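Following: one structure in structure tokens, then a few remarks.
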Amino acid sequence: DLNTCCYFDCNYLKFDNESQISQVGNCGSECTTGIKPDLNGVKHPELYLWPTIYITNHDHYGYDNDSGPMNIQGDDKNMFNRCMASCFTGGEDMTQKFLYKIKKNDTLSIKTCGWLFSRGSTMKRTICTGNAYNLSQRGYKSARIACPDTCA
């Protein structure tokens, strides 16, 4: 469904970090050699999906820009969120916040599921299961509760 899906084959996307998904085979400006087309049949040179914009061929576009090369359909046009949910998280909300730790001055250190997702497996396991991180205070949940798919 073009109104809700990720327009790219998940096998050709790469999760770089909590704020970037890139296209496998990016080869520079105007290069489309080895690039797979999106669902509309368009090949996007040097494609990067960010949480609020996308970049292709070194040009920046808002997801709601109807004249952009992706021609995104539907109410939620954020392709970063669509592809993150479809390809990398099983539908988990990467913007969901959790209590990471309480600092010595009693302020809270808050992180997102996207941040946790981008950590290595050892750190994820420690944060999701360790007693020092199993915190729920001041309206924030622990990582294990807020990010169940990432912690699984």
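Ordering of the structure tokens sets the chain letters (A, B, ...), residue numbers begin anew at 1 in every chain, and ligands are numbered from 1 in the order given.
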
Next on the checklist: as a VMD selection string, please: the residues near Thr126 in chain A (cut-off 12 Å, only C-alpha atoms, same-chain neighbours under 6 positions excluded).
Outcome noted: chain A and resid 100 116 119 to 120 132 to 134 143 to 144 151

Next on the checklist: Report as a PyMOL selection string all protein, DNA and RNA residues lying within 7 Å of Pro45 in chain A, evaluated on only C-alpha atoms, omitting residues in the same chain fewer than 4 positions from it.
Outcome noted: chain A and resi 26+28-32+56-57

Checklist entry - Looking only at the backbone, which of the residues in range 8-146 of chain A does DSSP tag as alpha helix (DSSP H), as a list of chain:residue names? => result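 Secondary structure check on range 8-146 of chain A, alpha helix (DSSP H): A:Met79, A:Phe80, A:Asn81, A:Arg82, A:Cys83, A:Cys113, A:Gly114, A:Trp115, A:Leu116, A:Phe117, A:Ser121, A:Thr122, A:Met123, A:Lys124, A:Arg125, A:Thr126, A:Ile127, A:Cys128, A:Thr129, A:Ala143, A:Arg144, A:Ile145, A:Ala146.
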
Item to check | CA of Leu108 in chain A to CA of Phe80 in chain A, distance in Å rounded to a single decimal | outcome: 27.6 Å

Checklist entry - Looking at A:Glu46, A:Pro148, A:Ser86, A:Met79, which one is nearest to Lys124 in chain A, with distances taken over only C-alpha atoms? => result A:Pro148

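The coordinates place CA of Lys111 in chain A at 10.2 Å from CA of Met94 in chain A.
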
Item to check | Nearest to Ile21 in chain A by atom-to-atom distance, counting only C-alpha atoms, from A:Ser118, A:Asn71, A:Asn105, A:Gln137 | outcome: A:Ser118

Checklist entry - At what distance in Å, to one decimal, does CA of Cys87 in chain A lie from CA of Cys10 in chain A? => result 5.2 Å

Checklist entry - Which residues come within 12 Å of Gly139 in chain A, counting only C-alpha atoms, excluding same-chain residues fewer than 6 positions away, as a PyMOL selection string? => result chain A and resi 97-99+108+110+146

Output C-alpha atoms of each residue in that selection to a file, as a tab-separated table (two decimals), in the first residue's frame.
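Written file, out.tsv:
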chain	number	residue	atom	x	y	z
A	97	LYS	CA	11.52	7.61	25.34
A	98	PHE	CA	12.77	5.68	28.35
A	99	LEU	CA	14.63	6.52	31.54
A	108	LEU	CA	17.02	12.36	34.42
A	110	ILE	CA	16.31	10.17	28.83
A	146	ALA	CA	9.30	1.16	26.51

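Proximity of A:Asp9, A:Asp93, A:Asp149, A:Asp1 to Ser22 in chain A, computed with only C-alpha atoms, is greatest for A:Asp9.
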
Next on the checklist: as a ChimeraX atom specification, please: every residue in range 77-140 of chain A that a backbone DSSP assignment puts in strand (DSSP E or B).
Outcome noted: /A:97-102,108-112,137,140

Checklist entry - Which residue gives the smallest distance to Ile53 in chain A among A:Gly114, A:Gly41, A:Gly68, A:Gly130, with only C-alpha atoms counted? => result A:Gly68

Checklist entry - Phe8 in chain A: which residues within 9 Å, counting only C-alpha atoms, same-chain residues fewer than 3 positions away excluded, as a ChimeraX atom specification? => result /A:5,11-13,23,36-39,83

Dump of N, CA, C and O atoms for the selected residues, as a compact mmCIF listing (two decimals), in the first residue's frame:
# COMPACT_ATOMS: atom_id res chain seq x y z
N CYS A 5 3.37 2.13 3.31
CA CYS A 5 4.55 1.26 3.29
C CYS A 5 5.86 2.02 3.10
O CYS A 5 5.88 3.17 2.72
N ASN A 11 16.01 -5.20 2.00
CA ASN A 11 17.33 -5.82 1.78
C ASN A 11 18.35 -4.83 1.22
O ASN A 11 19.54 -5.12 1.22
N TYR A 12 17.87 -3.70 0.72
CA TYR A 12 18.76 -2.71 0.12
C TYR A 12 18.81 -1.41 0.92
O TYR A 12 19.19 -0.38 0.39
N LEU A 13 18.41 -1.49 2.18
CA LEU A 13 18.53 -0.36 3.09
C LEU A 13 19.45 -0.76 4.23
O LEU A 13 19.52 -1.92 4.61
N GLN A 23 20.87 3.91 1.68
CA GLN A 23 20.61 2.95 0.62
C GLN A 23 21.88 2.14 0.35
O GLN A 23 22.96 2.72 0.19
N LYS A 36 18.71 -0.11 -6.52
CA LYS A 36 17.39 -0.69 -6.78
C LYS A 36 16.35 0.44 -6.79
O LYS A 36 16.40 1.33 -5.96
N PRO A 37 15.39 0.40 -7.69
CA PRO A 37 14.36 1.45 -7.73
C PRO A 37 13.39 1.32 -6.57
O PRO A 37 13.22 0.25 -5.98
N ASP A 38 12.74 2.44 -6.24
CA ASP A 38 11.68 2.40 -5.23
C ASP A 38 10.42 1.81 -5.85
O ASP A 38 10.41 1.39 -7.01
N LEU A 39 9.33 1.75 -5.08
CA LEU A 39 8.10 1.14 -5.58
C LEU A 39 7.48 1.89 -6.75
O LEU A 39 6.67 1.33 -7.49
N CYS A 83 10.10 3.13 6.94
CA CYS A 83 11.13 2.12 6.67
C CYS A 83 11.73 1.58 7.96
O CYS A 83 12.06 0.40 8.04

Got a sec: who's within 12 Å of Tyr61 in chain A, counting only C-alpha atoms, leaving out chain neighbours fewer than 3 positions off, as a PDB file with all heavy atoms, in the first residue's frame?
ATOM      1  N   LEU A  47      20.999   8.193  -1.620  1.00  0.00           N
ATOM      2  CA  LEU A  47      19.795   8.382  -0.812  1.00  0.00           C
ATOM      3  C   LEU A  47      20.076   8.182   0.674  1.00  0.00           C
ATOM      4  O   LEU A  47      20.707   7.206   1.070  1.00  0.00           O
ATOM      5  CB  LEU A  47      18.715   7.378  -1.233  1.00  0.00           C
ATOM      6  CG  LEU A  47      17.438   7.402  -0.395  1.00  0.00           C
ATOM      7  CD1 LEU A  47      16.634   8.671  -0.678  1.00  0.00           C
ATOM      8  CD2 LEU A  47      16.604   6.165  -0.664  1.00  0.00           C
ATOM      9  N   TYR A  48      19.587   9.116   1.484  1.00  0.00           N
ATOM     10  CA  TYR A  48      19.638   9.032   2.944  1.00  0.00           C
ATOM     11  C   TYR A  48      18.284   9.453   3.499  1.00  0.00           C
ATOM     12  O   TYR A  48      17.760  10.505   3.121  1.00  0.00           O
ATOM     13  CB  TYR A  48      20.726   9.938   3.521  1.00  0.00           C
ATOM     14  CG  TYR A  48      22.096   9.551   3.054  1.00  0.00           C
ATOM     15  CD1 TYR A  48      22.670  10.193   1.958  1.00  0.00           C
ATOM     16  CD2 TYR A  48      22.807   8.533   3.669  1.00  0.00           C
ATOM     17  CE1 TYR A  48      23.925   9.822   1.499  1.00  0.00           C
ATOM     18  CE2 TYR A  48      24.068   8.154   3.218  1.00  0.00           C
ATOM     19  CZ  TYR A  48      24.612   8.805   2.137  1.00  0.00           C
ATOM     20  OH  TYR A  48      25.850   8.431   1.681  1.00  0.00           O
ATOM     21  N   LEU A  49      17.725   8.639   4.372  1.00  0.00           N
ATOM     22  CA  LEU A  49      16.477   8.968   5.054  1.00  0.00           C
ATOM     23  C   LEU A  49      16.827   9.429   6.463  1.00  0.00           C
ATOM     24  O   LEU A  49      17.496   8.705   7.200  1.00  0.00           O
ATOM     25  CB  LEU A  49      15.558   7.745   5.121  1.00  0.00           C
ATOM     26  CG  LEU A  49      15.215   7.064   3.798  1.00  0.00           C
ATOM     27  CD1 LEU A  49      14.387   5.809   4.052  1.00  0.00           C
ATOM     28  CD2 LEU A  49      14.489   8.016   2.873  1.00  0.00           C
ATOM     29  N   TRP A  50      16.380  10.607   6.825  1.00  0.00           N
ATOM     30  CA  TRP A  50      16.578  11.144   8.167  1.00  0.00           C
ATOM     31  C   TRP A  50      15.202  11.280   8.816  1.00  0.00           C
ATOM     32  O   TRP A  50      14.175  11.249   8.119  1.00  0.00           O
ATOM     33  CB  TRP A  50      17.278  12.489   8.110  1.00  0.00           C
ATOM     34  CG  TRP A  50      18.729  12.432   7.721  1.00  0.00           C
ATOM     35  CD1 TRP A  50      19.469  11.333   7.399  1.00  0.00           C
ATOM     36  CD2 TRP A  50      19.614  13.539   7.604  1.00  0.00           C
ATOM     37  NE1 TRP A  50      20.753  11.692   7.098  1.00  0.00           N
ATOM     38  CE2 TRP A  50      20.876  13.047   7.216  1.00  0.00           C
ATOM     39  CE3 TRP A  50      19.462  14.903   7.788  1.00  0.00           C
ATOM     40  CZ2 TRP A  50      21.978  13.869   7.020  1.00  0.00           C
ATOM     41  CZ3 TRP A  50      20.569  15.728   7.594  1.00  0.00           C
ATOM     42  CH2 TRP A  50      21.808  15.208   7.214  1.00  0.00           C
ATOM     43  N   PRO A  51      15.130  11.468  10.118  1.00  0.00           N
ATOM     44  CA  PRO A  51      13.827  11.550  10.774  1.00  0.00           C
ATOM     45  C   PRO A  51      12.908  12.660  10.252  1.00  0.00           C
ATOM     46  O   PRO A  51      11.693  12.500  10.254  1.00  0.00           O
ATOM     47  CB  PRO A  51      14.178  11.791  12.246  1.00  0.00           C
ATOM     48  CG  PRO A  51      15.511  11.136  12.405  1.00  0.00           C
ATOM     49  CD  PRO A  51      16.223  11.403  11.103  1.00  0.00           C
ATOM     50  N   THR A  52      13.460  13.782   9.761  1.00  0.00           N
ATOM     51  CA  THR A  52      12.603  14.890   9.330  1.00  0.00           C
ATOM     52  C   THR A  52      12.718  15.239   7.848  1.00  0.00           C
ATOM     53  O   THR A  52      11.875  15.961   7.324  1.00  0.00           O
ATOM     54  CB  THR A  52      12.895  16.159  10.151  1.00  0.00           C
ATOM     55  OG1 THR A  52      14.285  16.471  10.026  1.00  0.00           O
ATOM     56  CG2 THR A  52      12.550  15.944  11.616  1.00  0.00           C
ATOM     57  N   ILE A  53      13.753  14.750   7.174  1.00  0.00           N
ATOM     58  CA  ILE A  53      13.956  15.035   5.745  1.00  0.00           C
ATOM     59  C   ILE A  53      14.575  13.817   5.070  1.00  0.00           C
ATOM     60  O   ILE A  53      15.008  12.890   5.743  1.00  0.00           O
ATOM     61  CB  ILE A  53      14.891  16.252   5.511  1.00  0.00           C
ATOM     62  CG1 ILE A  53      16.295  15.952   6.048  1.00  0.00           C
ATOM     63  CG2 ILE A  53      14.316  17.527   6.091  1.00  0.00           C
ATOM     64  CD1 ILE A  53      17.355  16.956   5.610  1.00  0.00           C
ATOM     65  N   TYR A  54      14.613  13.847   3.741  1.00  0.00           N
ATOM     66  CA  TYR A  54      15.410  12.863   3.016  1.00  0.00           C
ATOM     67  C   TYR A  54      16.335  13.599   2.055  1.00  0.00           C
ATOM     68  O   TYR A  54      16.077  14.727   1.653  1.00  0.00           O
ATOM     69  CB  TYR A  54      14.564  11.807   2.308  1.00  0.00           C
ATOM     70  CG  TYR A  54      13.714  12.268   1.153  1.00  0.00           C
ATOM     71  CD1 TYR A  54      14.144  12.116  -0.160  1.00  0.00           C
ATOM     72  CD2 TYR A  54      12.445  12.797   1.358  1.00  0.00           C
ATOM     73  CE1 TYR A  54      13.347  12.495  -1.232  1.00  0.00           C
ATOM     74  CE2 TYR A  54      11.637  13.179   0.298  1.00  0.00           C
ATOM     75  CZ  TYR A  54      12.103  13.030  -0.997  1.00  0.00           C
ATOM     76  OH  TYR A  54      11.309  13.405  -2.048  1.00  0.00           O
ATOM     77  N   ILE A  55      17.435  12.938   1.743  1.00  0.00           N
ATOM     78  CA  ILE A  55      18.452  13.513   0.873  1.00  0.00           C
ATOM     79  C   ILE A  55      18.656  12.551  -0.288  1.00  0.00           C
ATOM     80  O   ILE A  55      18.812  11.348  -0.087  1.00  0.00           O
ATOM     81  CB  ILE A  55      19.785  13.706   1.625  1.00  0.00           C
ATOM     82  CG1 ILE A  55      19.577  14.597   2.848  1.00  0.00           C
ATOM     83  CG2 ILE A  55      20.854  14.273   0.700  1.00  0.00           C
ATOM     84  CD1 ILE A  55      20.733  14.575   3.824  1.00  0.00           C
ATOM     85  N   THR A  56      18.642  13.085  -1.479  1.00  0.00           N
ATOM     86  CA  THR A  56      18.985  12.298  -2.653  1.00  0.00           C
ATOM     87  C   THR A  56      19.711  13.217  -3.624  1.00  0.00           C
ATOM     88  O   THR A  56      19.316  14.383  -3.807  1.00  0.00           O
ATOM     89  CB  THR A  56      17.753  11.629  -3.307  1.00  0.00           C
ATOM     90  OG1 THR A  56      18.189  10.827  -4.405  1.00  0.00           O
ATOM     91  CG2 THR A  56      16.706  12.606  -3.755  1.00  0.00           C
ATOM     92  N   ASN A  57      20.792  12.705  -4.188  1.00  0.00           N
ATOM     93  CA  ASN A  57      21.601  13.480  -5.125  1.00  0.00           C
ATOM     94  C   ASN A  57      22.045  14.821  -4.515  1.00  0.00           C
ATOM     95  O   ASN A  57      22.080  15.834  -5.186  1.00  0.00           O
ATOM     96  CB  ASN A  57      20.848  13.690  -6.432  1.00  0.00           C
ATOM     97  CG  ASN A  57      21.775  13.950  -7.590  1.00  0.00           C
ATOM     98  OD1 ASN A  57      22.924  13.552  -7.576  1.00  0.00           O
ATOM     99  ND2 ASN A  57      21.262  14.623  -8.611  1.00  0.00           N
ATOM    100  N   HIS A  58      22.319  14.815  -3.227  1.00  0.00           N
ATOM    101  CA  HIS A  58      22.770  15.971  -2.439  1.00  0.00           C
ATOM    102  C   HIS A  58      21.715  17.073  -2.286  1.00  0.00           C
ATOM    103  O   HIS A  58      22.042  18.169  -1.839  1.00  0.00           O
ATOM    104  CB  HIS A  58      24.073  16.554  -3.004  1.00  0.00           C
ATOM    105  CG  HIS A  58      25.206  15.586  -2.984  1.00  0.00           C
ATOM    106  ND1 HIS A  58      25.817  15.159  -1.829  1.00  0.00           N
ATOM    107  CD2 HIS A  58      25.826  14.924  -3.991  1.00  0.00           C
ATOM    108  CE1 HIS A  58      26.767  14.290  -2.119  1.00  0.00           C
ATOM    109  NE2 HIS A  58      26.793  14.116  -3.432  1.00  0.00           N
ATOM    110  N   ASP A  64       6.844  15.965   3.261  1.00  0.00           N
ATOM    111  CA  ASP A  64       5.553  16.463   2.783  1.00  0.00           C
ATOM    112  C   ASP A  64       5.680  17.285   1.495  1.00  0.00           C
ATOM    113  O   ASP A  64       4.711  17.838   0.999  1.00  0.00           O
ATOM    114  CB  ASP A  64       4.861  17.276   3.865  1.00  0.00           C
ATOM    115  CG  ASP A  64       5.680  18.466   4.334  1.00  0.00           C
ATOM    116  OD1 ASP A  64       6.858  18.593   3.930  1.00  0.00           O
ATOM    117  OD2 ASP A  64       5.152  19.267   5.114  1.00  0.00           O
ATOM    118  N   ASN A  65       6.874  17.331   0.910  1.00  0.00           N
ATOM    119  CA  ASN A  65       7.110  18.066  -0.331  1.00  0.00           C
ATOM    120  C   ASN A  65       6.592  17.235  -1.502  1.00  0.00           C
ATOM    121  O   ASN A  65       7.222  16.283  -1.946  1.00  0.00           O
ATOM    122  CB  ASN A  65       8.611  18.346  -0.479  1.00  0.00           C
ATOM    123  CG  ASN A  65       8.938  19.147  -1.720  1.00  0.00           C
ATOM    124  OD1 ASN A  65       8.151  19.241  -2.649  1.00  0.00           O
ATOM    125  ND2 ASN A  65      10.136  19.719  -1.744  1.00  0.00           N
ATOM    126  N   ASP A  66       5.425  17.603  -2.003  1.00  0.00           N
ATOM    127  CA  ASP A  66       4.792  16.838  -3.085  1.00  0.00           C
ATOM    128  C   ASP A  66       5.571  16.881  -4.396  1.00  0.00           C
ATOM    129  O   ASP A  66       5.360  16.053  -5.273  1.00  0.00           O
ATOM    130  CB  ASP A  66       3.362  17.331  -3.318  1.00  0.00           C
ATOM    131  CG  ASP A  66       2.453  17.003  -2.154  1.00  0.00           C
ATOM    132  OD1 ASP A  66       2.710  15.995  -1.461  1.00  0.00           O
ATOM    133  OD2 ASP A  66       1.489  17.764  -1.921  1.00  0.00           O
ATOM    134  N   SER A  67       6.476  17.844  -4.544  1.00  0.00           N
ATOM    135  CA  SER A  67       7.252  17.918  -5.776  1.00  0.00           C
ATOM    136  C   SER A  67       8.613  17.218  -5.631  1.00  0.00           C
ATOM    137  O   SER A  67       9.408  17.230  -6.556  1.00  0.00           O
ATOM    138  CB  SER A  67       7.453  19.379  -6.192  1.00  0.00           C
ATOM    139  OG  SER A  67       8.194  20.080  -5.204  1.00  0.00           O
ATOM    140  N   GLY A  68       8.858  16.573  -4.484  1.00  0.00           N
ATOM    141  CA  GLY A  68      10.100  15.834  -4.295  1.00  0.00           C
ATOM    142  C   GLY A  68      10.120  14.570  -5.136  1.00  0.00           C
ATOM    143  O   GLY A  68       9.078  14.075  -5.569  1.00  0.00           O
ATOM    144  N   PRO A  69      11.287  13.992  -5.369  1.00  0.00           N
ATOM    145  CA  PRO A  69      11.398  12.840  -6.258  1.00  0.00           C
ATOM    146  C   PRO A  69      10.755  11.557  -5.731  1.00  0.00           C
ATOM    147  O   PRO A  69      10.519  10.635  -6.496  1.00  0.00           O
ATOM    148  CB  PRO A  69      12.913  12.661  -6.425  1.00  0.00           C
ATOM    149  CG  PRO A  69      13.518  13.356  -5.261  1.00  0.00           C
ATOM    150  CD  PRO A  69      12.583  14.459  -4.891  1.00  0.00           C
ATOM    151  N   MET A  70      10.426  11.491  -4.432  1.00  0.00           N
ATOM    152  CA  MET A  70       9.811  10.269  -3.917  1.00  0.00           C
ATOM    153  C   MET A  70       8.309  10.206  -4.148  1.00  0.00           C
ATOM    154  O   MET A  70       7.748   9.128  -4.169  1.00  0.00           O
ATOM    155  CB  MET A  70      10.085  10.114  -2.419  1.00  0.00           C
ATOM    156  CG  MET A  70      11.242   9.200  -2.155  1.00  0.00           C
ATOM    157  SD  MET A  70      11.231   8.652  -0.481  1.00  0.00           S
ATOM    158  CE  MET A  70      12.849   9.133  -0.005  1.00  0.00           C
ATOM    159  N   ASN A  71       7.653  11.364  -4.275  1.00  0.00           N
ATOM    160  CA  ASN A  71       6.204  11.396  -4.486  1.00  0.00           C
ATOM    161  C   ASN A  71       5.485  10.503  -3.470  1.00  0.00           C
ATOM    162  O   ASN A  71       4.782   9.558  -3.831  1.00  0.00           O
ATOM    163  CB  ASN A  71       5.866  10.980  -5.921  1.00  0.00           C
ATOM    164  CG  ASN A  71       4.409  11.221  -6.255  1.00  0.00           C
ATOM    165  OD1 ASN A  71       3.754  12.069  -5.649  1.00  0.00           O
ATOM    166  ND2 ASN A  71       3.889  10.462  -7.200  1.00  0.00           N
ATOM    167  N   ILE A  72       5.664  10.813  -2.183  1.00  0.00           N
ATOM    168  CA  ILE A  72       5.144   9.983  -1.098  1.00  0.00           C
ATOM    169  C   ILE A  72       3.643  10.187  -0.929  1.00  0.00           C
ATOM    170  O   ILE A  72       3.170  11.313  -0.826  1.00  0.00           O
ATOM    171  CB  ILE A  72       5.873  10.297   0.227  1.00  0.00           C
ATOM    172  CG1 ILE A  72       7.384  10.102   0.033  1.00  0.00           C
ATOM    173  CG2 ILE A  72       5.350   9.418   1.354  1.00  0.00           C
ATOM    174  CD1 ILE A  72       8.222  10.634   1.181  1.00  0.00           C
ATOM    175  N   LYS A  77       3.680  10.801   5.705  1.00  0.00           N
ATOM    176  CA  LYS A  77       4.621  10.750   4.587  1.00  0.00           C
ATOM    177  C   LYS A  77       6.063  10.527   5.043  1.00  0.00           C
ATOM    178  O   LYS A  77       6.965  10.502   4.221  1.00  0.00           O
ATOM    179  CB  LYS A  77       4.529  12.041   3.782  1.00  0.00           C
ATOM    180  CG  LYS A  77       3.167  12.222   3.128  1.00  0.00           C
ATOM    181  CD  LYS A  77       3.101  13.532   2.380  1.00  0.00           C
ATOM    182  CE  LYS A  77       1.734  13.741   1.792  1.00  0.00           C
ATOM    183  NZ  LYS A  77       1.603  13.272   0.436  1.00  0.00           N
ATOM    184  N   ASN A  78       6.296  10.340   6.336  1.00  0.00           N
ATOM    185  CA  ASN A  78       7.654  10.205   6.850  1.00  0.00           C
ATOM    186  C   ASN A  78       8.234   8.837   6.486  1.00  0.00           C
ATOM    187  O   ASN A  78       7.957   7.832   7.136  1.00  0.00           O
ATOM    188  CB  ASN A  78       7.681  10.417   8.355  1.00  0.00           C
ATOM    189  CG  ASN A  78       9.078  10.504   8.894  1.00  0.00           C
ATOM    190  OD1 ASN A  78       9.922   9.676   8.583  1.00  0.00           O
ATOM    191  ND2 ASN A  78       9.326  11.510   9.708  1.00  0.00           N
ATOM    192  N   MET A  79       9.046   8.803   5.441  1.00  0.00           N
ATOM    193  CA  MET A  79       9.595   7.553   4.942  1.00  0.00           C
ATOM    194  C   MET A  79      10.626   6.958   5.897  1.00  0.00           C
ATOM    195  O   MET A  79      10.790   5.741   5.958  1.00  0.00           O
ATOM    196  CB  MET A  79      10.204   7.765   3.552  1.00  0.00           C
ATOM    197  CG  MET A  79      10.443   6.496   2.773  1.00  0.00           C
ATOM    198  SD  MET A  79       8.974   5.423   2.539  1.00  0.00           S
ATOM    199  CE  MET A  79       7.877   6.476   1.607  1.00  0.00           C
TER     200      MET A  79
END
